[in-house]
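Colleague: The following block contains the structure, expressed as structure tokens.
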Number of protein chains: 2
Amino acid sequence: VTTTGLAGLPTPCLLLDRDRMQSNIDRMTQRAHALDVRLRPHVKTCKSIEIARLMTAPDRAAITVSTLREAEYFAAAGFTDILYAVSIAPQSVARVLALNAGGANVQVLLDAPETAREVAAGAAALGQTLHAWIEIDVDGHRAGLAPDDPLLIDVARVLHAAPEVRLAGVLTHAGGAYDCRSAIALERHAEQERRRCVRASRNLAAAGIPCPEVSVGSTPTALSASSLDGVTELRAGVYVFFDLVQAGLGVCGIEDIALSVLTTVISHNRAQRRLIVDAGALALSKDRGTAEQSRDCGYGLLMGPDGGQPIPGLRVAAVNQEHGIIELPPQSDFADFPIGSHLRVLPNHACMTAAAYDDYHVIDGRGDVLARWSRCNGW
Amino acid sequence: VTTTGLAGLPTPCLLLDRDRMQSNIDRMTQRAHALDVRLRPHVKTCKSIEIARLMTAPDRAAITVSTLREAEYFAAAGFTDILYAVSIAPQSVARVLALNAGGANVQVLLDAPETAREVAAGAAALGQTLHAWIEIDVDGHRAGLAPDDPLLIDVARVLHAAPEVRLAGVLTHAGGAYDCRSAIALERHAEQERRRCVRASRNLAAAGIPCPEVSVGSTPTALSASSLDGVTELRAGVYVFFDLVQAGLGVCGIEDIALSVLTTVISHNRAQRRLIVDAGALALSKDRGTAEQSRDCGYGLLMGPDGGQPIPGLRVAAVNQEHGIIELPPQSDFADFPIGSHLRVLPNHACMTAAAYDDYHVIDGRGDVLARWSRCNGW
């Protein structure tokens, strides 16, 4: 790719600041090292081979995925240790086994006896070893079994008794961390995540069922935990880019956000003092993850085309399918934002925003485009 | 494509009920005929050649698009009369002219003198005729010029004076209709849209600038207008599928909605009486367009795999990236929704939900899959 500036890019498009991203990757890698756990990056945010390689350098080790299409995409690129961290649908077991027959080691997650039986039956039918994890609920956020739920032992027994299944361990995601409103609250939530997932593992051991691995994670808890005693593995994904929700949680600065959407000013609504840009609901997503935080960023904050700090008083206040609406603050003038000029939108939620695009325009600190890296969307 | 049921489809995926869609298409076609205006369907909802052909049958006539990628995609399929109904970015004029050099007649929209000058200069440089529309603001919803704004005459004069530009007409989108809460309010909003856009056209005529076309539209106003006197063209898009927002506005019934997301139950959270399904924020979008309506549908209502009426008391209450969370109502039991069973989610906003998918699984009334039709996403 020829090095070039942003002027010639069609908008909206996705910009990825390589240096910020690398610094974010280094931070989490060092953190996992300091906490003495294996890092298994979640690649659901980036969905990109090039980025996943950087996240797992130097050895392209373990990754976490959120769809089977990701599993297939990353397996085709040579990743083998792949944990599919969404409860497996019984009818999808065959798709996993087909991938593993090709040399991958895609591992599944579940939290119900009936799913455990389907997994056992599928693996047995092919005579193929399949690694399964049990999902633990540490904060009532979503799915999984509470550490002391008797069903946990029932599920584990089904897996343990199945000759072709290996119970890899217990796994949790402390999604409730997104409701924390202080660093202390995050640290406590991380400790709750650790303690409850470790307890689940010990309950299994006490029932005579070996549970080698304890996997926890979310970007906010990973960056807030004071100890991960008893944990073997840390999963996190959005740290690779960070976003306004993470900045609102206080686990990164706005200047750490590596992802932005390049957009063009397409209209001046002088009657209502609005800029209209060509990044709307599809280009930014309708994620309003900052709505309940202390700083409501609308559908995104704005930077100039060269990046740097957000422009004071500017945010995407409303979106339609292909229009973003920005209220012009009193201290600004339309002449500051001519029609045809570029802005960059910092996303509320990087995972949602990135999913609208086929690829990334990778830029250096000067805004030169170094490469285009593709993504794997869909299911 | 072999006729087959839904059981073998990977989830989440997009289902399109062919018969419901055809009935929606027929309804709008008849409506435009009764109102004595040309229908220029907006294909930003479907983004599909096969569907656009049905919407414009029998003659593959005029269409509206929301991105230049759509313009390129539909032009390649033989559509010629294409109105790009988002203010053109000055740097995109060349992309339009390149398309038109290949035989299409892509028309542009603008509302600023500086854009008009760029359009004029671009067309002149290539010696190529370009049709331009001026956007009118009829309800303060987004962009465009008020009918009596003196800038309207200024913009029109620039276009009128440019030898290679034809001023096609004035165009508006009454997006404010989405805030209406009764049939009467919608009818009044449609009349306001008509009246103000026609006034803009007459203001131009009074200034000696011919303005042949008057284009209005939105699905709710198109279906609520009592008269379109003075209007020549009607644009609408989401009617092809309809969705819960449209049902909430009262312009369709829930039984008219042709689009749904097939999803699989992947977990039972018995402690919290929740079903977890594999359609989450990416599969459904985070559009909450029904939040302010009289019936808040969460992130979507649920039907059984065979369609029909929504299941009472069930809605997708929360979403994470790949998880949908459904609270189980008191009258329901987990046994009604076994792990591995299918549900269908009716979307709040069809345009947003469909954009996550590469294609449609087209089904008949019995749920047999008749075809797969592709979509054109991105920019």
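We label chains A, B, ... in the order they appear in the structure tokens, count residues from 1 in each chain, and number ligands from 1 in the order shown.
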Find the residues around Gly308 (chain B) up to 10 Å (only C-alpha atoms counted), leave out those fewer than 2 positions away in its own chain, and share them as a VMD selection string.

Modeller: chain B and resid 254 to 255 302 to 306 310 to 311 344 365

Colleague: I need the residues from that last selection saved to file as a compact mmCIF listing (two decimals), in the first residue's frame (with C-alpha atoms), if you can.

Modeller:
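Listed below is the output, result-v7.txt:
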```
# COMPACT_ATOMS: atom_id res chain seq x y z
CA ILE B 254 -47.58 -6.52 12.97
CA GLU B 255 -48.83 -9.26 10.63
CA LEU B 302 -40.77 -12.81 19.25
CA MET B 303 -42.68 -15.25 17.11
CA GLY B 304 -42.43 -19.00 16.96
CA PRO B 305 -40.40 -20.49 14.09
CA ASP B 306 -43.54 -20.69 11.95
CA PRO B 310 -46.02 -12.49 18.42
CA ILE B 311 -45.87 -14.64 21.55
CA ARG B 344 -38.11 -15.38 15.11
CA GLY B 365 -45.93 -18.80 3.96
```

Colleague: For chain B, report every residue with an atom at most 8 Å from chain A (counting only C-alpha atoms), formatted as number ranges by chain.

Modeller: B: 10-13, 66-67, 86-92, 110-112, 114-115, 140, 142-145, 264-269, 272, 276, 281-282, 285-287, 321-323, 325, 339-340, 351-352, 355-358, 378-379

Colleague: So how many Å separate CA of Leu234 (chain B) and CA of Ser218 (chain B), to one decimal?

Modeller: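 Taking CA of Leu234 (chain B) and CA of Ser218 (chain B), their separation equals 8.2 Å.
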
Colleague: Please return as an MDAnalysis selection string: the residues of region 65-300 of chain A that backbone DSSP assigns to strand (DSSP E or B).

Modeller: chainID A and resid 65 81:87 105:110 130:136 145 165:172 213:216 233:234 259:269 274:277

Colleague: Which is closer to Met21 (chain A) than all the others in A:Leu223, A:Val362, A:Ala317, A:Ala258, using only C-alpha atoms?

Modeller: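 Ranked by minimum distance to Met21 (chain A), first place goes to A:Ala258.
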
Colleague: Give me the residues near Ile25 (chain B) as a PyMOL selection string, where near means some atom within 9 Å (using only C-alpha atoms) and where sequence neighbours in that chain fewer than 2 positions away do not count.

Modeller: chain B and resi 20-23+27-30+54-55+239-241

Colleague: With N, CA, C and O atoms retained, could you export that selection as an mmCIF file, in the first residue's frame?

Modeller:
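Saved to result_15.cif:
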```cif
data_model
loop_
_atom_site.group_PDB
_atom_site.id
_atom_site.type_symbol
_atom_site.label_atom_id
_atom_site.label_comp_id
_atom_site.auth_asym_id
_atom_site.auth_seq_id
_atom_site.Cartn_x
_atom_site.Cartn_y
_atom_site.Cartn_z
ATOM 1 N N ARG B 20 -45.735 -11.614 2.214
ATOM 2 C CA ARG B 20 -45.984 -10.362 2.930
ATOM 3 C C ARG B 20 -45.316 -9.193 2.202
ATOM 4 O O ARG B 20 -45.889 -8.120 2.059
ATOM 5 N N MET B 21 -44.071 -9.417 1.773
ATOM 6 C CA MET B 21 -43.356 -8.343 1.079
ATOM 7 C C MET B 21 -44.105 -7.918 -0.183
ATOM 8 O O MET B 21 -44.275 -6.728 -0.443
ATOM 9 N N GLN B 22 -44.559 -8.910 -0.972
ATOM 10 C CA GLN B 22 -45.245 -8.566 -2.222
ATOM 11 C C GLN B 22 -46.510 -7.771 -1.939
ATOM 12 O O GLN B 22 -46.836 -6.815 -2.656
ATOM 13 N N SER B 23 -47.181 -8.147 -0.883
ATOM 14 C CA SER B 23 -48.402 -7.423 -0.523
ATOM 15 C C SER B 23 -48.072 -5.984 -0.098
ATOM 16 O O SER B 23 -48.794 -5.041 -0.433
ATOM 17 N N ARG B 27 -49.286 -2.599 -2.072
ATOM 18 C CA ARG B 27 -50.016 -1.536 -1.367
ATOM 19 C C ARG B 27 -49.440 -0.156 -1.719
ATOM 20 O O ARG B 27 -50.183 0.773 -2.032
ATOM 21 N N MET B 28 -48.120 -0.026 -1.683
ATOM 22 C CA MET B 28 -47.525 1.289 -1.963
ATOM 23 C C MET B 28 -47.650 1.646 -3.443
ATOM 24 O O MET B 28 -47.866 2.808 -3.792
ATOM 25 N N THR B 29 -47.534 0.659 -4.304
ATOM 26 C CA THR B 29 -47.679 0.921 -5.740
ATOM 27 C C THR B 29 -49.078 1.453 -6.036
ATOM 28 O O THR B 29 -49.246 2.441 -6.775
ATOM 29 N N GLN B 30 -50.073 0.807 -5.443
ATOM 30 C CA GLN B 30 -51.458 1.256 -5.648
ATOM 31 C C GLN B 30 -51.683 2.638 -5.048
ATOM 32 O O GLN B 30 -52.408 3.455 -5.601
ATOM 33 N N LEU B 54 -38.637 -6.097 -7.888
ATOM 34 C CA LEU B 54 -40.055 -6.265 -7.547
ATOM 35 C C LEU B 54 -40.691 -4.926 -7.194
ATOM 36 O O LEU B 54 -41.847 -4.668 -7.525
ATOM 37 N N MET B 55 -39.928 -4.067 -6.511
ATOM 38 C CA MET B 55 -40.468 -2.764 -6.106
ATOM 39 C C MET B 55 -40.713 -1.850 -7.304
ATOM 40 O O MET B 55 -41.506 -0.912 -7.211
ATOM 41 N N TYR B 239 -41.423 0.459 3.781
ATOM 42 C CA TYR B 239 -42.699 -0.231 3.571
ATOM 43 C C TYR B 239 -42.515 -1.615 2.967
ATOM 44 O O TYR B 239 -43.382 -2.483 3.103
ATOM 45 N N VAL B 240 -41.404 -1.816 2.288
ATOM 46 C CA VAL B 240 -41.218 -3.112 1.618
ATOM 47 C C VAL B 240 -41.197 -4.255 2.639
ATOM 48 O O VAL B 240 -41.663 -5.358 2.350
ATOM 49 N N PHE B 241 -40.653 -3.963 3.823
ATOM 50 C CA PHE B 241 -40.636 -4.980 4.892
ATOM 51 C C PHE B 241 -41.580 -4.600 6.036
ATOM 52 O O PHE B 241 -42.075 -5.452 6.729
#
```

Colleague: Find the residue from A:Pro347, A:Pro330, A:Pro220, A:Pro163 that sits nearest to Ile257 (chain A); use only C-alpha atoms when measuring.

Modeller: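 So, comparing all the options, the nearest one is A:Pro347.
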